[in-house]
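**Student:** Take a look at query-v5.cif, mmCIF, C-alpha atoms (C1' of nucleotides):
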```cif
data_my_file
#
loop_
_atom_site.group_PDB
_atom_site.id
_atom_site.type_symbol
_atom_site.label_atom_id
_atom_site.label_comp_id
_atom_site.auth_asym_id
_atom_site.auth_seq_id
_atom_site.Cartn_x
_atom_site.Cartn_y
_atom_site.Cartn_z
ATOM 1 C CA MET D 1483 0.000 0.000 0.000
ATOM 2 C CA ASN D 1484 1.574 3.261 -1.143
ATOM 3 C CA THR D 1485 -0.313 6.159 0.334
ATOM 4 C CA GLU D 1486 1.817 9.075 -0.811
ATOM 5 C CA PRO D 1487 -0.562 11.502 -2.471
ATOM 6 C CA THR D 1488 -0.125 11.313 -6.241
ATOM 7 C CA ASN D 1489 -1.266 14.882 -6.407
ATOM 8 C CA TYR D 1490 -1.018 17.186 -3.470
ATOM 9 C CA ARG D 1491 -3.710 19.830 -3.088
ATOM 10 C CA SER D 1492 -1.025 22.380 -3.876
ATOM 11 C CA LEU D 1493 2.767 22.598 -3.670
ATOM 12 C CA CYS D 1494 2.619 24.996 -0.721
ATOM 13 C CA PRO D 1495 4.847 23.387 1.886
ATOM 14 C CA LEU D 1496 2.244 23.709 4.623
ATOM 15 C CA SER D 1497 -0.377 22.114 2.446
ATOM 16 C CA THR D 1498 1.847 19.181 1.444
ATOM 17 C CA ALA D 1499 2.759 18.618 5.090
ATOM 18 C CA LEU D 1500 -0.911 18.529 6.047
ATOM 19 C CA ASP D 1501 -1.602 16.115 3.191
ATOM 20 C CA LEU D 1502 0.778 13.698 4.937
ATOM 21 C CA ILE D 1503 0.187 14.248 8.644
ATOM 22 C CA GLY D 1504 -2.817 16.579 8.891
ATOM 23 C CA ASP D 1505 -5.167 14.319 10.802
ATOM 24 C CA LYS D 1506 -6.082 13.590 14.397
ATOM 25 C CA TRP D 1507 -3.852 10.543 14.906
ATOM 26 C CA SER D 1508 -0.584 10.656 12.944
ATOM 27 C CA LEU D 1509 1.222 13.109 15.214
ATOM 28 C CA ILE D 1510 -0.034 11.286 18.309
ATOM 29 C CA LEU D 1511 1.836 8.224 17.034
ATOM 30 C CA VAL D 1512 4.925 10.296 16.277
ATOM 31 C CA ARG D 1513 4.731 11.627 19.844
ATOM 32 C CA ASP D 1514 4.537 8.078 21.189
ATOM 33 C CA MET D 1515 7.609 7.084 19.195
ATOM 34 C CA CYS D 1516 9.421 10.156 20.550
ATOM 35 C CA MET D 1517 8.704 8.630 23.959
ATOM 36 C CA HIS D 1518 10.300 5.400 22.771
ATOM 37 C CA LYS D 1519 7.074 3.505 22.506
ATOM 38 C CA SER D 1520 7.605 1.007 19.732
ATOM 39 C CA LYS D 1521 5.104 -1.819 19.780
ATOM 40 C CA TYR D 1522 1.537 -2.045 18.577
ATOM 41 C CA GLY D 1523 0.284 -2.562 22.101
ATOM 42 C CA ASP D 1524 2.221 0.479 23.364
ATOM 43 C CA PHE D 1525 0.363 2.696 20.922
ATOM 44 C CA GLN D 1526 -2.973 1.129 21.812
ATOM 45 C CA ASN D 1527 -2.358 1.795 25.492
ATOM 46 C CA SER D 1528 -1.907 5.549 25.099
ATOM 47 C CA GLN D 1529 -4.533 7.662 26.844
ATOM 48 C CA GLU D 1530 -6.154 8.802 23.612
ATOM 49 C CA ALA D 1531 -7.349 5.250 22.903
ATOM 50 C CA ILE D 1532 -6.820 4.972 19.170
ATOM 51 C CA PRO D 1533 -9.146 2.412 17.541
ATOM 52 C CA THR D 1534 -7.141 -0.628 16.467
ATOM 53 C CA ASN D 1535 -8.111 -0.490 12.815
ATOM 54 C CA ILE D 1536 -7.097 3.171 12.623
ATOM 55 C CA LEU D 1537 -3.812 2.317 14.329
ATOM 56 C CA ALA D 1538 -2.981 -0.392 11.799
ATOM 57 C CA ASN D 1539 -3.921 1.941 8.961
ATOM 58 C CA ARG D 1540 -1.843 4.862 10.261
ATOM 59 C CA LEU D 1541 1.224 2.695 10.833
ATOM 60 C CA ARG D 1542 0.935 1.603 7.207
ATOM 61 C CA LYS D 1543 0.518 5.158 5.961
ATOM 62 C CA LEU D 1544 3.354 6.579 8.047
ATOM 63 C CA GLU D 1545 5.647 3.817 6.874
ATOM 64 C CA SER D 1546 4.624 4.263 3.272
ATOM 65 C CA ASN D 1547 5.348 7.994 3.599
ATOM 66 C CA GLY D 1548 8.819 7.355 5.029
ATOM 67 C CA ILE D 1549 8.063 8.826 8.454
ATOM 68 C CA ILE D 1550 8.497 5.546 10.329
ATOM 69 C CA LYS D 1551 10.164 2.189 9.688
ATOM 70 C CA LYS D 1552 9.374 -1.217 11.084
ATOM 71 C CA ARG D 1553 11.800 -3.976 12.008
ATOM 72 C CA PRO D 1554 10.978 -7.491 13.210
ATOM 73 C CA TYR D 1555 11.721 -8.133 16.872
ATOM 74 C CA GLN D 1556 10.633 -11.773 16.761
ATOM 75 C CA GLU D 1557 10.006 -14.337 14.071
ATOM 76 C CA LYS D 1558 7.338 -16.728 15.389
ATOM 77 C CA PRO D 1559 4.902 -15.179 15.070
ATOM 78 C CA ILE D 1560 6.414 -12.302 13.137
ATOM 79 C CA ARG D 1561 6.118 -9.125 15.164
ATOM 80 C CA TYR D 1562 7.446 -5.665 14.395
ATOM 81 C CA GLU D 1563 8.655 -2.687 16.331
ATOM 82 C CA TYR D 1564 8.119 0.741 14.843
ATOM 83 C CA PHE D 1565 10.499 3.667 15.055
ATOM 84 C CA LEU D 1566 11.025 7.104 13.540
ATOM 85 C CA THR D 1567 13.141 7.725 10.479
ATOM 86 C CA LEU D 1568 15.097 10.990 10.187
ATOM 87 C CA LYS D 1569 12.099 12.412 8.343
ATOM 88 C CA GLY D 1570 9.868 11.392 11.250
ATOM 89 C CA ALA D 1571 12.258 12.534 13.974
ATOM 90 C CA GLU D 1572 12.414 15.970 12.397
ATOM 91 C CA LEU D 1573 8.731 16.398 13.126
ATOM 92 C CA LEU D 1574 9.811 16.916 16.740
ATOM 93 C CA PRO D 1575 10.078 20.734 16.407
ATOM 94 C CA VAL D 1576 6.566 20.756 14.994
ATOM 95 C CA ILE D 1577 5.049 18.856 17.900
ATOM 96 C CA GLN D 1578 7.118 20.822 20.400
ATOM 97 C CA GLN D 1579 5.625 24.047 19.024
ATOM 98 C CA LEU D 1580 2.141 22.548 19.046
ATOM 99 C CA ALA D 1581 2.553 21.458 22.658
ATOM 100 C CA ARG D 1582 3.904 24.866 23.663
ATOM 101 C CA TRP D 1583 0.981 26.575 21.937
ATOM 102 C CA ALA D 1584 -1.562 24.323 23.603
ATOM 103 C CA HIS D 1585 -0.049 24.879 27.019
ATOM 104 C CA GLN D 1586 -0.205 28.649 26.518
ATOM 105 C CA HIS D 1587 -3.673 28.837 25.008
ATOM 106 C CA ILE D 1588 -5.742 25.846 26.070
ATOM 107 C CA PRO D 1589 -6.396 26.100 29.804
ATOM 108 C CA GLU D 1590 -7.245 22.402 30.164
ATOM 109 C CA SER D 1591 -3.965 21.156 28.706
ATOM 110 C CA MET D 1592 -1.100 20.021 30.879
ATOM 111 C CA PRO D 1593 2.389 21.514 30.625
ATOM 112 C CA PRO D 1594 4.756 19.657 28.308
ATOM 113 C CA PRO D 1595 7.591 17.985 30.280
ATOM 114 C CA ASP D 1596 10.989 19.673 30.102
ATOM 115 C CA TRP D 1597 12.753 16.656 28.639
ATOM 116 C CA PHE D 1598 10.314 16.842 25.772
ATOM 117 C CA LEU D 1599 10.747 20.559 25.125
ATOM 118 C CA ASN D 1600 14.530 20.159 25.247
ATOM 119 C CA ALA D 1601 14.749 17.051 23.091
ATOM 120 C CA LYS D 1602 16.428 17.172 19.696
ATOM 121 C CA PRO D 1603 15.547 15.128 16.610
ATOM 122 C CA GLU D 1604 18.945 13.414 16.675
ATOM 123 C CA ASP D 1605 18.186 12.104 20.185
ATOM 124 C CA LEU D 1606 15.341 10.108 18.684
ATOM 125 C CA ILE D 1607 16.997 8.106 15.961
ATOM 126 C CA LYS D 1608 18.848 4.823 16.268
ATOM 127 C CA SER D 1609 18.108 4.794 20.007
ATOM 128 C CA MET S 514 -22.395 27.027 17.732
ATOM 129 C CA ASN S 515 -19.779 26.319 20.391
ATOM 130 C CA THR S 516 -17.348 23.761 19.073
ATOM 131 C CA GLU S 517 -14.812 23.640 21.902
ATOM 132 C CA PRO S 518 -14.496 19.993 22.838
ATOM 133 C CA THR S 519 -16.300 19.379 26.111
ATOM 134 C CA ASN S 520 -13.929 16.541 26.726
ATOM 135 C CA TYR S 521 -10.591 16.360 25.052
ATOM 136 C CA ARG S 522 -9.232 12.910 24.186
ATOM 137 C CA SER S 523 -6.608 13.508 26.857
ATOM 138 C CA LEU S 524 -4.986 16.513 28.544
ATOM 139 C CA CYS S 525 -1.696 15.957 26.710
ATOM 140 C CA PRO S 526 -0.955 19.346 25.138
ATOM 141 C CA LEU S 527 -0.295 17.837 21.713
ATOM 142 C CA SER S 528 -3.563 15.964 21.823
ATOM 143 C CA THR S 529 -5.605 19.003 22.892
ATOM 144 C CA ALA S 530 -3.996 21.062 20.142
ATOM 145 C CA LEU S 531 -4.921 18.434 17.564
ATOM 146 C CA ASP S 532 -8.465 18.342 18.916
ATOM 147 C CA LEU S 533 -8.729 22.014 17.926
ATOM 148 C CA ILE S 534 -6.725 22.308 14.709
ATOM 149 C CA GLY S 535 -5.787 18.743 13.723
ATOM 150 C CA ASP S 536 -7.491 18.570 10.364
ATOM 151 C CA LYS S 537 -6.678 19.249 6.736
ATOM 152 C CA TRP S 538 -8.106 22.769 6.519
ATOM 153 C CA SER S 539 -7.804 24.781 9.751
ATOM 154 C CA LEU S 540 -4.111 25.603 9.427
ATOM 155 C CA ILE S 541 -4.548 26.411 5.733
ATOM 156 C CA LEU S 542 -6.950 29.157 6.810
ATOM 157 C CA VAL S 543 -4.547 30.336 9.514
ATOM 158 C CA ARG S 544 -1.851 30.502 6.833
ATOM 159 C CA ASP S 545 -4.139 32.578 4.607
ATOM 160 C CA MET S 546 -4.804 35.000 7.457
ATOM 161 C CA CYS S 547 -1.044 35.247 8.053
ATOM 162 C CA MET S 548 -0.901 36.448 4.449
ATOM 163 C CA HIS S 549 -3.515 39.066 5.286
ATOM 164 C CA LYS S 550 -6.295 37.391 3.426
ATOM 165 C CA SER S 551 -9.449 38.312 5.282
ATOM 166 C CA LYS S 552 -12.589 37.787 3.238
ATOM 167 C CA TYR S 553 -14.594 34.681 2.488
ATOM 168 C CA GLY S 554 -13.763 34.952 -1.182
ATOM 169 C CA ASP S 555 -10.043 35.299 -0.461
ATOM 170 C CA PHE S 556 -10.074 31.938 1.301
ATOM 171 C CA GLN S 557 -12.083 30.335 -1.468
ATOM 172 C CA ASN S 558 -9.583 31.535 -4.047
ATOM 173 C CA SER S 559 -6.583 29.817 -2.452
ATOM 174 C CA GLN S 560 -4.975 27.105 -4.550
ATOM 175 C CA GLU S 561 -6.169 24.295 -2.315
ATOM 176 C CA ALA S 562 -9.792 24.996 -3.292
ATOM 177 C CA ILE S 563 -11.594 24.491 -0.015
ATOM 178 C CA PRO S 564 -15.253 23.489 -0.477
ATOM 179 C CA THR S 565 -17.502 26.377 0.506
ATOM 180 C CA ASN S 566 -19.464 24.469 3.136
ATOM 181 C CA ILE S 567 -16.248 23.344 4.814
ATOM 182 C CA LEU S 568 -14.973 26.924 4.715
ATOM 183 C CA ALA S 569 -18.089 28.268 6.446
ATOM 184 C CA ASN S 570 -17.876 25.480 9.011
ATOM 185 C CA ARG S 571 -14.173 26.025 9.749
ATOM 186 C CA LEU S 572 -14.572 29.785 10.122
ATOM 187 C CA ARG S 573 -17.288 29.089 12.689
ATOM 188 C CA LYS S 574 -15.151 26.559 14.535
ATOM 189 C CA LEU S 575 -12.016 28.693 14.558
ATOM 190 C CA GLU S 576 -14.008 31.644 15.842
ATOM 191 C CA SER S 577 -15.726 29.559 18.469
ATOM 192 C CA ASN S 578 -12.316 28.295 19.603
ATOM 193 C CA GLY S 579 -10.925 31.835 19.872
ATOM 194 C CA ILE S 580 -8.369 31.423 17.092
ATOM 195 C CA ILE S 581 -9.958 34.021 14.824
ATOM 196 C CA LYS S 582 -12.385 36.922 15.207
ATOM 197 C CA LYS S 583 -14.749 38.469 12.699
ATOM 198 C CA ARG S 584 -15.669 42.107 12.292
ATOM 199 C CA PRO S 585 -18.216 43.616 9.882
ATOM 200 C CA TYR S 586 -16.734 45.593 7.017
ATOM 201 C CA GLN S 587 -20.110 46.557 5.532
ATOM 202 C CA GLU S 588 -23.682 46.614 6.723
ATOM 203 C CA LYS S 589 -25.907 46.050 3.682
ATOM 204 C CA PRO S 590 -25.670 43.193 3.269
ATOM 205 C CA ILE S 591 -23.760 42.398 6.416
ATOM 206 C CA ARG S 592 -20.330 41.081 5.511
ATOM 207 C CA TYR S 593 -17.442 40.151 7.765
ATOM 208 C CA GLU S 594 -13.694 40.118 7.557
ATOM 209 C CA TYR S 595 -11.817 37.497 9.523
ATOM 210 C CA PHE S 596 -8.511 37.948 11.310
ATOM 211 C CA LEU S 597 -6.291 36.147 13.785
ATOM 212 C CA THR S 598 -6.495 36.647 17.526
ATOM 213 C CA LEU S 599 -3.317 36.421 19.615
ATOM 214 C CA LYS S 600 -4.099 32.747 20.121
ATOM 215 C CA GLY S 601 -4.323 32.299 16.358
ATOM 216 C CA ALA S 602 -1.263 34.408 15.569
ATOM 217 C CA GLU S 603 0.796 32.281 17.926
ATOM 218 C CA LEU S 604 0.171 29.300 15.681
ATOM 219 C CA LEU S 605 2.712 30.926 13.341
ATOM 220 C CA PRO S 606 5.712 29.041 14.826
ATOM 221 C CA VAL S 607 3.799 25.809 14.317
ATOM 222 C CA ILE S 608 3.127 26.405 10.647
ATOM 223 C CA GLN S 609 6.644 27.750 10.114
ATOM 224 C CA GLN S 610 8.039 24.471 11.450
ATOM 225 C CA LEU S 611 5.611 22.462 9.357
ATOM 226 C CA ALA S 612 6.610 24.386 6.239
ATOM 227 C CA ARG S 613 10.306 23.970 7.000
ATOM 228 C CA TRP S 614 9.811 20.240 7.538
ATOM 229 C CA ALA S 615 7.904 19.856 4.282
ATOM 230 C CA HIS S 616 10.512 21.753 2.320
ATOM 231 C CA GLN S 617 13.244 19.504 3.723
ATOM 232 C CA HIS S 618 11.447 16.182 3.393
ATOM 233 C CA ILE S 619 8.802 16.385 0.674
ATOM 234 C CA PRO S 620 10.554 16.775 -2.682
ATOM 235 C CA GLU S 621 7.464 18.137 -4.430
ATOM 236 C CA SER S 622 6.930 21.015 -2.015
ATOM 237 C CA MET S 623 8.092 24.530 -2.767
ATOM 238 C CA PRO S 624 10.399 26.478 -0.460
ATOM 239 C CA PRO S 625 8.651 28.696 2.084
ATOM 240 C CA PRO S 626 9.249 32.407 1.328
ATOM 241 C CA ASP S 627 11.741 34.211 3.556
ATOM 242 C CA TRP S 628 9.228 36.794 4.768
ATOM 243 C CA PHE S 629 7.152 33.917 6.043
ATOM 244 C CA LEU S 630 9.983 32.145 7.839
ATOM 245 C CA ASN S 631 11.065 35.421 9.437
ATOM 246 C CA ALA S 632 7.609 36.612 10.450
ATOM 247 C CA LYS S 633 6.685 36.930 14.123
ATOM 248 C CA PRO S 634 3.246 36.428 15.676
ATOM 249 C CA GLU S 635 3.102 40.075 16.763
ATOM 250 C CA ASP S 636 3.465 41.139 13.108
ATOM 251 C CA LEU S 637 0.126 39.488 12.415
ATOM 252 C CA ILE S 638 -2.202 41.094 14.910
ATOM 253 C CA LYS S 639 -4.044 44.406 14.590
ATOM 254 C CA SER S 640 -2.544 44.904 11.143
ATOM 255 C "C1'" DA B 190 -6.655 -28.392 27.773
ATOM 256 C "C1'" DA B 191 -8.061 -23.997 28.706
ATOM 257 C "C1'" DT B 192 -6.964 -19.272 29.162
ATOM 258 C "C1'" DG B 193 -4.270 -15.281 27.991
ATOM 259 C "C1'" DT B 194 -1.482 -12.159 25.012
ATOM 260 C "C1'" DT B 195 -0.208 -9.720 20.861
ATOM 261 C "C1'" DA B 196 -1.151 -7.916 16.596
ATOM 262 C "C1'" DC B 197 -3.855 -7.549 13.742
ATOM 263 C "C1'" DT B 198 -8.508 -7.920 10.129
ATOM 264 C "C1'" DT B 199 -13.430 -7.716 9.067
ATOM 265 C "C1'" DG B 200 -18.073 -6.009 9.245
ATOM 266 C "C1'" DC B 201 -21.024 -2.537 10.239
ATOM 267 C "C1'" DT B 202 -22.615 2.022 11.886
ATOM 268 C "C1'" DT B 203 -21.903 6.796 12.344
ATOM 269 C "C1'" DA B 204 -19.660 11.028 11.315
ATOM 270 C "C1'" DT B 205 -17.208 13.968 8.209
ATOM 271 C "C1'" DT B 206 -15.963 15.562 3.613
ATOM 272 C "C1'" DG B 207 -16.760 17.151 -0.739
ATOM 273 C "C1'" DC B 208 -19.492 18.245 -4.850
ATOM 274 C "C1'" DA B 209 -23.309 20.566 -6.917
ATOM 275 C "C1'" DA B 210 -26.869 23.409 -6.683
ATOM 276 C "C1'" DG B 211 -29.648 26.889 -4.515
ATOM 277 C "C1'" DT B 212 -30.390 31.429 -2.136
ATOM 278 C "C1'" DA B 213 -30.273 36.323 -0.423
ATOM 279 C "C1'" DA B 214 -28.842 40.741 -0.960
ATOM 280 C "C1'" DC B 215 -26.876 43.620 -3.259
ATOM 281 C "C1'" DT B 216 -23.831 45.913 -7.716
ATOM 282 C "C1'" DT B 217 -22.758 46.713 -12.473
ATOM 283 C "C1'" DA B 218 -23.450 46.665 -17.513
ATOM 284 C "C1'" DA B 219 -26.607 46.683 -21.659
ATOM 285 C "C1'" DT G 135 -34.908 48.414 -16.107
ATOM 286 C "C1'" DT G 136 -33.788 44.242 -16.680
ATOM 287 C "C1'" DA G 137 -30.465 40.801 -16.913
ATOM 288 C "C1'" DA G 138 -26.238 39.212 -15.465
ATOM 289 C "C1'" DG G 139 -22.639 39.223 -12.018
ATOM 290 C "C1'" DT G 140 -20.641 39.177 -7.228
ATOM 291 C "C1'" DT G 141 -20.278 37.806 -2.428
ATOM 292 C "C1'" DA G 142 -21.209 34.937 1.194
ATOM 293 C "C1'" DC G 143 -23.303 31.718 2.377
ATOM 294 C "C1'" DT G 144 -26.881 27.152 3.126
ATOM 295 C "C1'" DT G 145 -28.884 22.717 1.765
ATOM 296 C "C1'" DG G 146 -28.988 18.053 -0.106
ATOM 297 C "C1'" DC G 147 -26.791 14.115 -1.195
ATOM 298 C "C1'" DA G 148 -23.091 10.855 -2.317
ATOM 299 C "C1'" DA G 149 -18.482 9.289 -1.146
ATOM 300 C "C1'" DT G 150 -14.996 8.673 2.144
ATOM 301 C "C1'" DA G 151 -13.177 8.093 6.685
ATOM 302 C "C1'" DA G 152 -13.642 7.133 11.592
ATOM 303 C "C1'" DG G 153 -15.019 4.363 15.287
ATOM 304 C "C1'" DC G 154 -16.955 0.310 17.705
ATOM 305 C "C1'" DA G 155 -17.341 -4.561 18.340
ATOM 306 C "C1'" DA G 156 -16.152 -8.867 17.253
ATOM 307 C "C1'" DG G 157 -13.249 -12.295 15.108
ATOM 308 C "C1'" DT G 158 -8.729 -14.534 14.052
ATOM 309 C "C1'" DA G 159 -3.915 -16.444 13.963
ATOM 310 C "C1'" DA G 160 -0.067 -17.748 16.302
ATOM 311 C "C1'" DC G 161 1.875 -18.408 19.880
ATOM 312 C "C1'" DA G 162 2.910 -18.523 25.649
ATOM 313 C "C1'" DT G 163 1.319 -19.576 30.213
ATOM 314 C "C1'" DT G 164 -1.312 -21.955 33.782
#
```
Starting from the file, give its structure as structure tokens.
**Tutor:**
Amino acid sequence: MNTEPTNYRSLCPLSTALDLIGDKWSLILVRDMCMHKSKYGDFQNSQEAIPTNILANRLRKLESNGIIKKRPYQEKPIRYEYFLTLKGAELLPVIQQLARWAHQHIPESMPPPDWFLNAKPEDLIKS
Amino acid sequence: MNTEPTNYRSLCPLSTALDLIGDKWSLILVRDMCMHKSKYGDFQNSQEAIPTNILANRLRKLESNGIIKKRPYQEKPIRYEYFLTLKGAELLPVIQQLARWAHQHIPESMPPPDWFLNAKPEDLIKS
DNA sequence: AATGTTACTTGCTTATTGCAAGTAACTTAA
DNA sequence: TTAAGTTACTTGCAATAAGCAAGTAACATT
């Protein structure tokens, strides 16, 4: 399944970015991988409670768009762990800004932890 | 129409942010307002070709969430212009990062203009 | 042998998106 | 002065996507 858009809505960089990750769940999964969650069950157990069919679909899409990679961690039965590519890790500044914004402007939201605000994309790859 | 979520999926700042603006169109409209587009027709004329019912719906949601405000620019018939609040203007760092990311990682996307990358939220309000 | 765990898929319902057309209140051109 | 155009929408409906519940395959554990 290749899910890269064959034609983007426009070539505006913001618009192309949103064509890839502009939905309610993709960045939640990127966040989880920033926190070194890597297995299907880890993602399911996050507070936001992603439906399992959506989770499977998003993992496929993110992989097909080069944002994550999967690698087998056992053979019988075959099971994969998922982790960020460089392309995926470099979404960290985006989600840091989103978290900062939410903390400043959405009263209900919790403060982002310091380790998260201080993290760098290169901390996330090949860990 | 109040569209603020009564219960967010979680209180994680990223998650609450995505509950408000995590869709394909909201940030496109914020981008347009950063470019000083202000009228309904201006938004319709953007390259991404937002459907008119979605546009009306998103303007309502963004206003109800305090990200934009509207102000009448004529009385007969009543017509409004839309502009960013401080809360909306402070989404600029988010869309700057998204644009930067897209330019670096999506080959098809165009480079973001320098004025855009160098803009500051305070440049956008009360203009 | 039965129960549990992990990582999914399938079927179905509900919600959202998007297209096309319609409408209201004007403005402009013939 | 009438017809066509503009602006800012709303409504109806079809297509797509999301979400819930249940099922399944391949093991491990009790």
**Student:** Can you tell me which residues surround segment 191-207 of chain B at a distance of at most 8 Å, considering all atoms listed in the file, apart from same-chain residues fewer than 5 positions away, and format the answer as a PyMOL selection string?
**Tutor:** (chain D and resi 1522-1523+1535+1538+1561) or (chain S and resi 564+567) or (chain G and resi 150-153+157-158+162-164)
**Student:** Could you build a table of the residues in segment 519-622 of chain S lying no more than 9 Å from segment 1565-1569 of chain D, giving for each the nearest pair of atoms and their separation in Å rounded to one decimal place, using all atoms listed in the file, ordered by chain and ascending residue number, as CSV?
**Tutor:**
```
residue,atom,partner,partner_atom,distance
S:Trp614,CA,D:Lys1569,CA,8.2
S:Gln617,CA,D:Lys1569,CA,8.5
S:His618,CA,D:Lys1569,CA,6.3
```
**Student:** Taking all atoms listed in the file into account, name the residue in D:Leu1537, D:Ala1601, D:Ala1581, D:Met1592 that is nearest to Asp1524 of chain D.
**Tutor:**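 Ranked by minimum distance to Asp1524 of chain D, first place goes to D:Leu1537.
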**Student:** How many Å lie between atom CA of Pro620 of chain S and atom CA of Arg1491 of chain D, rounded to one decimal?
**Tutor:** 14.6 Å
**Student:** To test your reading of the syntax: which residues would the PyMOL selection byres ((chain G and resi 139-148) around 10) return for the file shown? Reply as a PDB file with C-alpha atoms (C1' of nucleotides), in the frame of the given file.
**Tutor:**
```
ATOM      1  CA  LYS S 552     -12.589  37.787   3.238  1.00  0.00           C
ATOM      2  CA  TYR S 553     -14.594  34.681   2.488  1.00  0.00           C
ATOM      3  CA  GLY S 554     -13.763  34.952  -1.182  1.00  0.00           C
ATOM      4  CA  THR S 565     -17.502  26.377   0.506  1.00  0.00           C
ATOM      5  CA  ASN S 566     -19.464  24.469   3.136  1.00  0.00           C
ATOM      6  CA  LEU S 568     -14.973  26.924   4.715  1.00  0.00           C
ATOM      7  CA  ALA S 569     -18.089  28.268   6.446  1.00  0.00           C
ATOM      8  CA  PRO S 590     -25.670  43.193   3.269  1.00  0.00           C
ATOM      9  CA  ILE S 591     -23.760  42.398   6.416  1.00  0.00           C
ATOM     10  CA  ARG S 592     -20.330  41.081   5.511  1.00  0.00           C
ATOM     11  CA  TYR S 593     -17.442  40.151   7.765  1.00  0.00           C
TER      12      TYR S 593
ATOM     13  C1'  DG B 207     -16.760  17.151  -0.739  1.00  0.00           C
ATOM     14  C1'  DC B 208     -19.492  18.245  -4.850  1.00  0.00           C
ATOM     15  C1'  DA B 209     -23.309  20.566  -6.917  1.00  0.00           C
ATOM     16  C1'  DA B 210     -26.869  23.409  -6.683  1.00  0.00           C
ATOM     17  C1'  DG B 211     -29.648  26.889  -4.515  1.00  0.00           C
ATOM     18  C1'  DT B 212     -30.390  31.429  -2.136  1.00  0.00           C
ATOM     19  C1'  DA B 213     -30.273  36.323  -0.423  1.00  0.00           C
ATOM     20  C1'  DA B 214     -28.842  40.741  -0.960  1.00  0.00           C
ATOM     21  C1'  DC B 215     -26.876  43.620  -3.259  1.00  0.00           C
ATOM     22  C1'  DT B 216     -23.831  45.913  -7.716  1.00  0.00           C
ATOM     23  C1'  DT B 217     -22.758  46.713 -12.473  1.00  0.00           C
ATOM     24  C1'  DA B 218     -23.450  46.665 -17.513  1.00  0.00           C
TER      25       DA B 218
ATOM     26  C1'  DA G 137     -30.465  40.801 -16.913  1.00  0.00           C
ATOM     27  C1'  DA G 138     -26.238  39.212 -15.465  1.00  0.00           C
ATOM     28  C1'  DA G 149     -18.482   9.289  -1.146  1.00  0.00           C
ATOM     29  C1'  DT G 150     -14.996   8.673   2.144  1.00  0.00           C
TER      30       DT G 150
END
```
**Student:** Got a sec: who's within 12 Å of Ile1550 of chain D, counting only C-alpha atoms (C1' of nucleotides), leaving out chain neighbours fewer than 6 positions off, as a PDB file with C-alpha atoms, in the coordinates of the input?
**Tutor:**
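Full text of out_10.pdb as output:
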```pdb
ATOM      1  CA  SER D1508      -0.584  10.656  12.944  1.00  0.00           C
ATOM      2  CA  LEU D1509       1.222  13.109  15.214  1.00  0.00           C
ATOM      3  CA  LEU D1511       1.836   8.224  17.034  1.00  0.00           C
ATOM      4  CA  VAL D1512       4.925  10.296  16.277  1.00  0.00           C
ATOM      5  CA  ARG D1513       4.731  11.627  19.844  1.00  0.00           C
ATOM      6  CA  ASP D1514       4.537   8.078  21.189  1.00  0.00           C
ATOM      7  CA  MET D1515       7.609   7.084  19.195  1.00  0.00           C
ATOM      8  CA  CYS D1516       9.421  10.156  20.550  1.00  0.00           C
ATOM      9  CA  SER D1520       7.605   1.007  19.732  1.00  0.00           C
ATOM     10  CA  ARG D1540      -1.843   4.862  10.261  1.00  0.00           C
ATOM     11  CA  LEU D1541       1.224   2.695  10.833  1.00  0.00           C
ATOM     12  CA  ARG D1542       0.935   1.603   7.207  1.00  0.00           C
ATOM     13  CA  LYS D1543       0.518   5.158   5.961  1.00  0.00           C
ATOM     14  CA  LEU D1544       3.354   6.579   8.047  1.00  0.00           C
ATOM     15  CA  TYR D1562       7.446  -5.665  14.395  1.00  0.00           C
ATOM     16  CA  GLU D1563       8.655  -2.687  16.331  1.00  0.00           C
ATOM     17  CA  TYR D1564       8.119   0.741  14.843  1.00  0.00           C
ATOM     18  CA  PHE D1565      10.499   3.667  15.055  1.00  0.00           C
ATOM     19  CA  LEU D1566      11.025   7.104  13.540  1.00  0.00           C
ATOM     20  CA  THR D1567      13.141   7.725  10.479  1.00  0.00           C
ATOM     21  CA  LEU D1568      15.097  10.990  10.187  1.00  0.00           C
ATOM     22  CA  LYS D1569      12.099  12.412   8.343  1.00  0.00           C
ATOM     23  CA  GLY D1570       9.868  11.392  11.250  1.00  0.00           C
ATOM     24  CA  ALA D1571      12.258  12.534  13.974  1.00  0.00           C
ATOM     25  CA  GLU D1572      12.414  15.970  12.397  1.00  0.00           C
ATOM     26  CA  LEU D1573       8.731  16.398  13.126  1.00  0.00           C
ATOM     27  CA  LEU D1606      15.341  10.108  18.684  1.00  0.00           C
ATOM     28  CA  ILE D1607      16.997   8.106  15.961  1.00  0.00           C
ATOM     29  CA  LYS D1608      18.848   4.823  16.268  1.00  0.00           C
TER      30      LYS D1608
END
```
**Student:** Would you list the contacts of Leu524 of chain S as an mmCIF file with C-alpha atoms, keeping the file's coordinate frame, taking every protein, DNA or RNA residue within 10 Å and counting all atoms listed in the file, but skipping same-chain residues closer than 4 positions in sequence?
**Tutor:**
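Written out: out21.cif:
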```cif
data_model
loop_
_atom_site.group_PDB
_atom_site.id
_atom_site.type_symbol
_atom_site.label_atom_id
_atom_site.label_comp_id
_atom_site.auth_asym_id
_atom_site.auth_seq_id
_atom_site.Cartn_x
_atom_site.Cartn_y
_atom_site.Cartn_z
ATOM 1 C CA GLN D 1529 -4.533 7.662 26.844
ATOM 2 C CA GLU D 1530 -6.154 8.802 23.612
ATOM 3 C CA ALA D 1584 -1.562 24.323 23.603
ATOM 4 C CA HIS D 1585 -0.049 24.879 27.019
ATOM 5 C CA ILE D 1588 -5.742 25.846 26.070
ATOM 6 C CA PRO D 1589 -6.396 26.100 29.804
ATOM 7 C CA GLU D 1590 -7.245 22.402 30.164
ATOM 8 C CA SER D 1591 -3.965 21.156 28.706
ATOM 9 C CA MET D 1592 -1.100 20.021 30.879
ATOM 10 C CA PRO D 1593 2.389 21.514 30.625
ATOM 11 C CA ASN S 520 -13.929 16.541 26.726
ATOM 12 C CA SER S 528 -3.563 15.964 21.823
ATOM 13 C CA THR S 529 -5.605 19.003 22.892
ATOM 14 C CA ALA S 530 -3.996 21.062 20.142
#
```
